[in-house]
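Colleague: What follows is a structure written as C-alpha coordinates; I'll ask about it next.
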Amino acid sequence: MKMYSRTAGKKLMALILCAIMMITMLPPNTKVSQAATSVSNPRTANGVSTWDCIYFGNYYQSNSSTKEPIKWRVLSVEGNEAFVVADKALDCQPYNETEEDVTWETCTLRQWLNSTFLDAAFDEEEKSAIKTTTVVNEDSIFFGTEGGNTTLDQIFLLLPNEVKNPSYGFNSEYYTESETRE
(Lines give C-alpha, C1' and ligand atoms only; values in the text may rest on other atoms or scores of the structure.)
Protein backbone atom coordinates (compact mmCIF):
# COMPACT_ATOMS: atom_id res chain seq x y z
CA MET A 1 0.00 0.00 0.00
CA LYS A 2 1.28 3.45 -0.84
CA MET A 3 0.74 6.65 1.07
CA TYR A 4 1.96 9.22 -1.46
CA SER A 5 3.54 8.33 -4.75
CA ARG A 6 4.19 11.78 -6.23
CA THR A 7 7.05 14.09 -5.37
CA ALA A 8 4.72 17.10 -5.14
CA GLY A 9 2.55 15.19 -2.69
CA LYS A 10 5.57 14.40 -0.54
CA LYS A 11 6.60 18.04 -0.47
CA LEU A 12 3.08 19.16 0.43
CA MET A 13 2.85 16.59 3.19
CA ALA A 14 6.30 17.55 4.53
CA LEU A 15 5.12 21.15 4.93
CA ILE A 16 1.91 20.10 6.63
CA LEU A 17 3.68 17.59 8.86
CA CYS A 18 6.08 20.21 10.18
CA ALA A 19 3.25 22.07 11.84
CA ILE A 20 0.75 19.52 13.05
CA MET A 21 1.02 17.15 15.99
CA MET A 22 -2.00 15.82 17.77
CA ILE A 23 -2.61 14.18 21.08
CA THR A 24 -5.68 13.15 22.99
CA MET A 25 -5.28 13.59 26.73
CA LEU A 26 -7.07 12.19 29.72
CA PRO A 27 -6.78 14.14 32.97
CA PRO A 28 -6.14 11.32 35.48
CA ASN A 29 -3.36 13.07 37.35
CA THR A 30 -2.83 16.39 39.08
CA LYS A 31 -0.55 17.96 36.47
CA VAL A 32 -3.00 17.38 33.62
CA SER A 33 -6.06 18.21 35.71
CA GLN A 34 -4.57 21.60 36.51
CA ALA A 35 -3.69 22.19 32.85
CA ALA A 36 -7.11 21.20 31.58
CA THR A 37 -9.43 22.89 34.04
CA SER A 38 -12.56 24.24 32.41
CA VAL A 39 -11.50 24.04 28.76
CA SER A 40 -14.17 24.04 26.09
CA ASN A 41 -14.67 23.42 22.40
CA PRO A 42 -13.63 26.10 19.87
CA ARG A 43 -15.95 29.02 19.28
CA THR A 44 -16.40 30.62 15.85
CA ALA A 45 -18.09 33.97 15.24
CA ASN A 46 -18.01 35.99 12.02
CA GLY A 47 -15.45 33.59 10.54
CA VAL A 48 -13.02 33.99 13.44
CA SER A 49 -12.24 30.97 15.62
CA THR A 50 -11.16 31.12 19.23
CA TRP A 51 -9.60 28.14 20.99
CA ASP A 52 -9.01 27.49 24.66
CA CYS A 53 -5.36 26.61 25.20
CA ILE A 54 -3.43 24.56 27.71
CA TYR A 55 0.28 24.18 28.41
CA PHE A 56 1.42 20.58 28.63
CA GLY A 57 4.91 19.12 28.24
CA ASN A 58 8.13 20.95 27.37
CA TYR A 59 10.12 21.02 24.14
CA TYR A 60 12.86 23.03 22.42
CA GLN A 61 11.11 25.90 20.63
CA SER A 62 13.06 29.17 20.73
CA ASN A 63 16.48 27.52 20.85
CA SER A 64 18.11 24.12 21.04
CA SER A 65 19.34 24.42 24.61
CA THR A 66 16.23 25.29 26.63
CA LYS A 67 12.91 23.48 26.73
CA GLU A 68 9.79 25.63 27.01
CA PRO A 69 6.19 24.71 27.88
CA ILE A 70 4.22 23.50 24.85
CA LYS A 71 1.04 25.43 24.09
CA TRP A 72 -1.82 23.26 22.78
CA ARG A 73 -5.09 24.45 21.20
CA VAL A 74 -8.11 22.52 22.39
CA LEU A 75 -10.00 21.19 19.34
CA SER A 76 -12.55 19.12 21.17
CA VAL A 77 -13.61 18.25 24.69
CA GLU A 78 -15.68 15.16 25.47
CA GLY A 79 -16.10 14.32 29.13
CA ASN A 80 -12.63 14.20 30.65
CA GLU A 81 -10.81 13.96 27.29
CA ALA A 82 -9.34 16.83 25.31
CA PHE A 83 -8.24 16.54 21.66
CA VAL A 84 -5.48 19.09 21.10
CA VAL A 85 -3.10 20.35 18.42
CA ALA A 86 0.22 22.10 18.96
CA ASP A 87 -0.26 25.85 18.65
CA LYS A 88 2.90 26.19 16.55
CA ALA A 89 5.36 24.02 14.68
CA LEU A 90 7.53 22.26 17.22
CA ASP A 91 9.92 20.47 14.90
CA CYS A 92 10.36 19.60 11.25
CA GLN A 93 10.87 15.95 10.37
CA PRO A 94 10.52 14.15 7.04
CA TYR A 95 7.54 11.89 6.53
CA ASN A 96 10.01 9.09 5.85
CA GLU A 97 13.81 9.01 6.04
CA THR A 98 14.16 7.22 2.70
CA GLU A 99 12.62 7.91 -0.70
CA GLU A 100 10.13 5.07 -0.84
CA ASP A 101 6.38 4.71 -0.78
CA VAL A 102 5.20 4.00 2.75
CA THR A 103 2.01 4.35 4.74
CA TRP A 104 1.59 6.11 8.08
CA GLU A 105 1.98 2.74 9.77
CA THR A 106 5.56 2.28 8.57
CA CYS A 107 6.86 5.84 8.08
CA THR A 108 9.73 7.11 10.20
CA LEU A 109 7.77 10.21 11.27
CA ARG A 110 5.25 8.08 13.16
CA GLN A 111 8.09 6.30 14.96
CA TRP A 112 9.78 9.63 15.78
CA LEU A 113 6.58 11.19 17.16
CA ASN A 114 5.69 8.23 19.35
CA SER A 115 9.18 7.62 20.73
CA THR A 116 11.80 10.37 20.30
CA PHE A 117 9.42 13.34 20.58
CA LEU A 118 7.20 11.70 23.20
CA ASP A 119 10.21 10.95 25.42
CA ALA A 120 11.78 14.39 24.91
CA ALA A 121 8.62 16.46 25.48
CA PHE A 122 6.81 14.67 28.31
CA ASP A 123 7.77 13.27 31.70
CA GLU A 124 6.39 9.93 32.88
CA GLU A 125 3.37 11.47 34.62
CA GLU A 126 2.48 13.44 31.48
CA LYS A 127 2.97 10.42 29.22
CA SER A 128 0.55 8.44 31.37
CA ALA A 129 -2.09 11.11 30.69
CA ILE A 130 -1.81 10.83 26.90
CA LYS A 131 -4.42 8.47 25.55
CA THR A 132 -3.56 5.89 22.91
CA THR A 133 -5.86 6.68 19.99
CA THR A 134 -7.06 4.48 17.14
CA VAL A 135 -6.05 6.30 13.95
CA VAL A 136 -7.97 5.22 10.85
CA ASN A 137 -5.65 5.88 7.92
CA GLU A 138 -8.01 6.68 5.08
CA ASP A 139 -7.08 6.63 1.41
CA SER A 140 -5.54 9.85 0.09
CA ILE A 141 -8.16 12.32 -1.14
CA PHE A 142 -5.43 13.93 -3.25
CA PHE A 143 -3.86 10.99 -5.04
CA GLY A 144 -6.24 8.06 -4.54
CA THR A 145 -3.49 6.01 -2.89
CA GLU A 146 -4.30 3.63 -0.08
CA GLY A 147 -3.96 4.94 3.45
CA GLY A 148 -2.82 1.74 5.05
CA ASN A 149 -3.72 -0.10 8.19
CA THR A 150 -5.35 1.44 11.24
CA THR A 151 -2.73 2.31 13.88
CA LEU A 152 -2.65 2.94 17.62
CA ASP A 153 -0.79 6.17 18.41
CA GLN A 154 -0.32 8.59 21.27
CA ILE A 155 0.82 11.40 18.99
CA PHE A 156 -0.27 11.68 15.38
CA LEU A 157 -1.05 14.12 12.58
CA LEU A 158 -4.38 15.64 11.65
CA LEU A 159 -6.13 13.83 8.83
CA PRO A 160 -7.46 15.85 5.86
CA ASN A 161 -11.05 15.55 7.11
CA GLU A 162 -9.93 16.92 10.50
CA VAL A 163 -8.24 20.06 9.11
CA LYS A 164 -11.53 21.04 7.49
CA ASN A 165 -13.75 20.21 10.45
CA PRO A 166 -15.62 23.38 11.46
CA SER A 167 -16.34 21.99 14.94
CA TYR A 168 -12.56 22.10 15.51
CA GLY A 169 -12.55 25.78 14.47
CA PHE A 170 -11.29 25.19 10.92
CA ASN A 171 -12.65 26.40 7.58
CA SER A 172 -14.69 23.58 5.98
CA GLU A 173 -13.34 24.33 2.49
CA TYR A 174 -10.06 22.43 2.25
CA TYR A 175 -8.69 24.29 -0.78
CA THR A 176 -9.61 27.75 0.56
CA GLU A 177 -6.86 29.74 2.22
CA SER A 178 -7.53 29.70 5.92
CA GLU A 179 -5.75 31.49 8.75
CA THR A 180 -7.14 28.90 11.16
CA ARG A 181 -5.05 26.20 9.44
CA GLU A 182 -1.89 28.30 9.31
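Simple scheme: letters A, B, ... for chains in C-alpha coordinates order, numbers from 1 for residues in each chain, numbers from 1 for ligands in the order shown.
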Name the residues in contact with A:Asn58 at a cut-off of 8 Å, using only C-alpha atoms, excluding same-chain residues fewer than 5 positions from it; report them as a ChimeraX atom specification.

Modeller: /A:67-70,120-122

Colleague: Using the selection just defined, write its residues with N, CA and C atoms as a short mmCIF file (atom, residue, chain, number, x, y, z; two decimals), in the first residue's frame.

Modeller:
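Here's the written file again-v9.cif:
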```cif
data_model
loop_
_atom_site.label_atom_id
_atom_site.label_comp_id
_atom_site.auth_asym_id
_atom_site.auth_seq_id
_atom_site.Cartn_x
_atom_site.Cartn_y
_atom_site.Cartn_z
N LYS A 67 14.29 23.91 26.99
CA LYS A 67 12.91 23.48 26.73
C LYS A 67 11.95 24.51 27.29
N GLU A 68 10.83 24.70 26.59
CA GLU A 68 9.79 25.63 27.01
C GLU A 68 8.46 24.89 27.04
N PRO A 69 7.50 25.36 27.86
CA PRO A 69 6.19 24.71 27.88
C PRO A 69 5.54 24.73 26.49
N ILE A 70 4.89 23.63 26.15
CA ILE A 70 4.22 23.50 24.85
C ILE A 70 2.78 24.00 24.99
N ALA A 120 11.12 13.10 24.70
CA ALA A 120 11.78 14.39 24.91
C ALA A 120 10.83 15.45 25.49
N ALA A 121 9.55 15.38 25.13
CA ALA A 121 8.62 16.46 25.48
C ALA A 121 7.83 16.21 26.77
N PHE A 122 7.70 14.97 27.19
CA PHE A 122 6.81 14.67 28.31
C PHE A 122 7.50 13.82 29.36
#
```

Colleague: Compile the contact shell of A:Pro160 as number ranges by chain: residues with an atom at most 10 Å away, counting only C-alpha atoms, same-chain residues fewer than 4 positions apart removed.

Modeller: A: 138, 140-142, 164-165, 174

Colleague: From stretch 90-163 of chain A, collect each residue whose DSSP state is strand (DSSP E) and return the set as a list of chain:residue names.

Modeller: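 These are the residues in question: A:Ile130, A:Lys131, A:Thr133, A:Thr134, A:Val135, A:Thr151, A:Leu152, A:Asp153, A:Ile155, A:Phe156.
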
Colleague: Okay, now the selection with N, CA, C and O atoms, as a PDB file, in the first residue's frame?

Modeller:
```
ATOM      1  N   ILE A 130      -1.540  10.770  28.340  1.00  0.00           N
ATOM      2  CA  ILE A 130      -1.813  10.830  26.903  1.00  0.00           C
ATOM      3  C   ILE A 130      -2.450   9.515  26.470  1.00  0.00           C
ATOM      4  O   ILE A 130      -1.866   8.449  26.605  1.00  0.00           O
ATOM      5  N   LYS A 131      -3.642   9.627  25.964  1.00  0.00           N
ATOM      6  CA  LYS A 131      -4.425   8.466  25.554  1.00  0.00           C
ATOM      7  C   LYS A 131      -3.860   7.865  24.264  1.00  0.00           C
ATOM      8  O   LYS A 131      -3.441   8.582  23.359  1.00  0.00           O
ATOM      9  N   THR A 133      -4.710   6.444  20.866  1.00  0.00           N
ATOM     10  CA  THR A 133      -5.856   6.677  19.993  1.00  0.00           C
ATOM     11  C   THR A 133      -5.807   5.765  18.782  1.00  0.00           C
ATOM     12  O   THR A 133      -4.738   5.535  18.215  1.00  0.00           O
ATOM     13  N   THR A 134      -6.946   5.249  18.378  1.00  0.00           N
ATOM     14  CA  THR A 134      -7.057   4.479  17.141  1.00  0.00           C
ATOM     15  C   THR A 134      -7.120   5.465  15.985  1.00  0.00           C
ATOM     16  O   THR A 134      -8.027   6.293  15.920  1.00  0.00           O
ATOM     17  N   VAL A 135      -6.123   5.396  15.102  1.00  0.00           N
ATOM     18  CA  VAL A 135      -6.045   6.303  13.953  1.00  0.00           C
ATOM     19  C   VAL A 135      -6.401   5.503  12.701  1.00  0.00           C
ATOM     20  O   VAL A 135      -5.693   4.570  12.326  1.00  0.00           O
ATOM     21  N   THR A 151      -3.835   2.355  12.920  1.00  0.00           N
ATOM     22  CA  THR A 151      -2.732   2.307  13.880  1.00  0.00           C
ATOM     23  C   THR A 151      -3.209   2.766  15.260  1.00  0.00           C
ATOM     24  O   THR A 151      -4.267   3.371  15.392  1.00  0.00           O
ATOM     25  N   LEU A 152      -2.423   2.478  16.253  1.00  0.00           N
ATOM     26  CA  LEU A 152      -2.653   2.942  17.619  1.00  0.00           C
ATOM     27  C   LEU A 152      -1.509   3.882  17.961  1.00  0.00           C
ATOM     28  O   LEU A 152      -0.352   3.465  17.990  1.00  0.00           O
ATOM     29  N   ASP A 153      -1.823   5.160  18.190  1.00  0.00           N
ATOM     30  CA  ASP A 153      -0.789   6.167  18.412  1.00  0.00           C
ATOM     31  C   ASP A 153      -1.140   7.069  19.583  1.00  0.00           C
ATOM     32  O   ASP A 153      -2.314   7.343  19.832  1.00  0.00           O
ATOM     33  N   ILE A 155       0.665  10.138  19.690  1.00  0.00           N
ATOM     34  CA  ILE A 155       0.824  11.400  18.989  1.00  0.00           C
ATOM     35  C   ILE A 155       0.726  11.102  17.503  1.00  0.00           C
ATOM     36  O   ILE A 155       1.322  10.144  17.008  1.00  0.00           O
ATOM     37  N   PHE A 156      -0.033  11.932  16.796  1.00  0.00           N
ATOM     38  CA  PHE A 156      -0.267  11.680  15.377  1.00  0.00           C
ATOM     39  C   PHE A 156      -0.566  12.990  14.684  1.00  0.00           C
ATOM     40  O   PHE A 156      -0.593  14.049  15.312  1.00  0.00           O
TER      41      PHE A 156
END
```

Colleague: When DSSP works through the backbone of this structure, what residues of stretch 94-145 of chain A end up as helix (DSSP H, G or I), shown as a PyMOL selection string?

Modeller: chain A and resi 108-121+124-129

Colleague: Dump N, CA, C and O atoms for the selected residues as a short mmCIF file (atom, residue, chain, number, x, y, z; two decimals), in the first residue's frame?

Modeller:
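Result written to again.cif:
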```
data_model
loop_
_atom_site.label_atom_id
_atom_site.label_comp_id
_atom_site.auth_asym_id
_atom_site.auth_seq_id
_atom_site.Cartn_x
_atom_site.Cartn_y
_atom_site.Cartn_z
N THR A 108 8.84 6.78 9.09
CA THR A 108 9.73 7.11 10.20
C THR A 108 9.20 8.26 11.05
O THR A 108 9.55 8.37 12.23
N LEU A 109 8.35 9.12 10.49
CA LEU A 109 7.77 10.21 11.27
C LEU A 109 6.90 9.68 12.41
O LEU A 109 6.96 10.17 13.53
N ARG A 110 6.11 8.67 12.12
CA ARG A 110 5.25 8.08 13.16
C ARG A 110 6.12 7.54 14.30
O ARG A 110 5.83 7.76 15.48
N GLN A 111 7.18 6.85 13.95
CA GLN A 111 8.09 6.30 14.96
C GLN A 111 8.72 7.43 15.77
O GLN A 111 8.80 7.36 16.99
N TRP A 112 9.16 8.50 15.09
CA TRP A 112 9.78 9.63 15.78
C TRP A 112 8.80 10.29 16.75
O TRP A 112 9.15 10.59 17.90
N LEU A 113 7.57 10.54 16.30
CA LEU A 113 6.58 11.19 17.16
C LEU A 113 6.28 10.39 18.42
O LEU A 113 6.17 10.94 19.51
N ASN A 114 6.12 9.08 18.25
CA ASN A 114 5.69 8.23 19.35
C ASN A 114 6.82 7.64 20.18
O ASN A 114 6.59 6.84 21.08
N SER A 115 8.05 8.05 19.89
CA SER A 115 9.18 7.62 20.73
C SER A 115 10.08 8.82 21.03
O SER A 115 10.04 9.36 22.13
N THR A 116 10.85 9.29 20.07
CA THR A 116 11.80 10.37 20.30
C THR A 116 11.12 11.62 20.83
O THR A 116 11.50 12.16 21.88
N PHE A 117 10.11 12.13 20.13
CA PHE A 117 9.42 13.34 20.58
C PHE A 117 8.68 13.10 21.89
O PHE A 117 8.77 13.91 22.81
N LEU A 118 7.96 12.01 21.98
CA LEU A 118 7.20 11.70 23.20
C LEU A 118 8.12 11.69 24.42
O LEU A 118 7.80 12.29 25.45
N ASP A 119 9.28 11.04 24.29
CA ASP A 119 10.21 10.95 25.42
C ASP A 119 10.87 12.29 25.73
O ASP A 119 11.16 12.59 26.89
N ALA A 120 11.12 13.10 24.70
CA ALA A 120 11.78 14.39 24.91
C ALA A 120 10.83 15.45 25.49
O ALA A 120 11.25 16.31 26.25
N ALA A 121 9.55 15.38 25.13
CA ALA A 121 8.62 16.46 25.48
C ALA A 121 7.83 16.21 26.77
O ALA A 121 7.32 17.17 27.35
N GLU A 124 7.17 11.16 32.74
CA GLU A 124 6.39 9.93 32.88
C GLU A 124 4.94 10.20 33.29
O GLU A 124 4.02 9.55 32.79
N GLU A 125 4.74 11.13 34.18
CA GLU A 125 3.37 11.47 34.62
C GLU A 125 2.56 12.02 33.44
O GLU A 125 1.41 11.65 33.25
N GLU A 126 3.17 12.88 32.65
CA GLU A 126 2.48 13.44 31.48
C GLU A 126 2.20 12.36 30.44
O GLU A 126 1.11 12.31 29.87
N LYS A 127 3.18 11.49 30.21
CA LYS A 127 2.97 10.42 29.22
C LYS A 127 1.81 9.52 29.63
O LYS A 127 1.05 9.07 28.78
N SER A 128 1.65 9.30 30.92
CA SER A 128 0.55 8.44 31.37
C SER A 128 -0.81 9.09 31.13
O SER A 128 -1.84 8.41 31.12
N ALA A 129 -0.83 10.40 30.93
CA ALA A 129 -2.09 11.11 30.69
C ALA A 129 -2.46 11.17 29.21
O ALA A 129 -3.56 11.58 28.88
#
```

Colleague: Hey, which of A:Phe56, A:Trp51, A:Trp104, A:Phe143 ends up closest to A:Ser76? Count only C-alpha atoms.

Modeller: A:Trp51

Colleague: Which distance in Å separates atom CA of A:Val85 and atom CA of A:Arg73, to one decimal?

Modeller: 5.3 Å

Colleague: Between atom CA of A:Glu100 and atom CA of A:Glu146, what is the spacing in Å?

Modeller: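 Interatomic distance, atom CA of A:Glu146 to atom CA of A:Glu100: 14.5 Å.
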
Colleague: Go through A:Thr106, A:Leu75, A:Asp87, A:Ser40 one by one, measure the shortest atom-to-atom distance of each to A:Tyr55 using only C-alpha atoms, and give the residue with the smallest value.

Modeller: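 Ranked by minimum distance to A:Tyr55, first place goes to A:Asp87.
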
Colleague: One number please: atom CA of A:Pro166 to atom CA of A:Pro94, in Å, one decimal.

Modeller: 28.1 Å

Colleague: Smallest atom-to-atom distance to A:Ala86: which of A:Val136, A:Asn161, A:Asp101, A:Val74, using only C-alpha atoms?

Modeller: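 Checking each of A:Val136, A:Asn161, A:Asp101, A:Val74 against A:Ala86, counting only C-alpha atoms, the winner is A:Val74.
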
Colleague: Between A:Glu81, A:Asn137, A:Asp91, A:Leu159, single out the one closest to A:Asn63, counting only C-alpha atoms.

Modeller: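 Closest to A:Asn63, using only C-alpha atoms: A:Asp91.
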
Colleague: Tell me which of A:Thr150, A:Asp139, A:Ile54, A:Thr145 sits closest to A:Phe83, counting only C-alpha atoms.

Modeller: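 Among the listed residues, A:Ile54 lies closest to A:Phe83.
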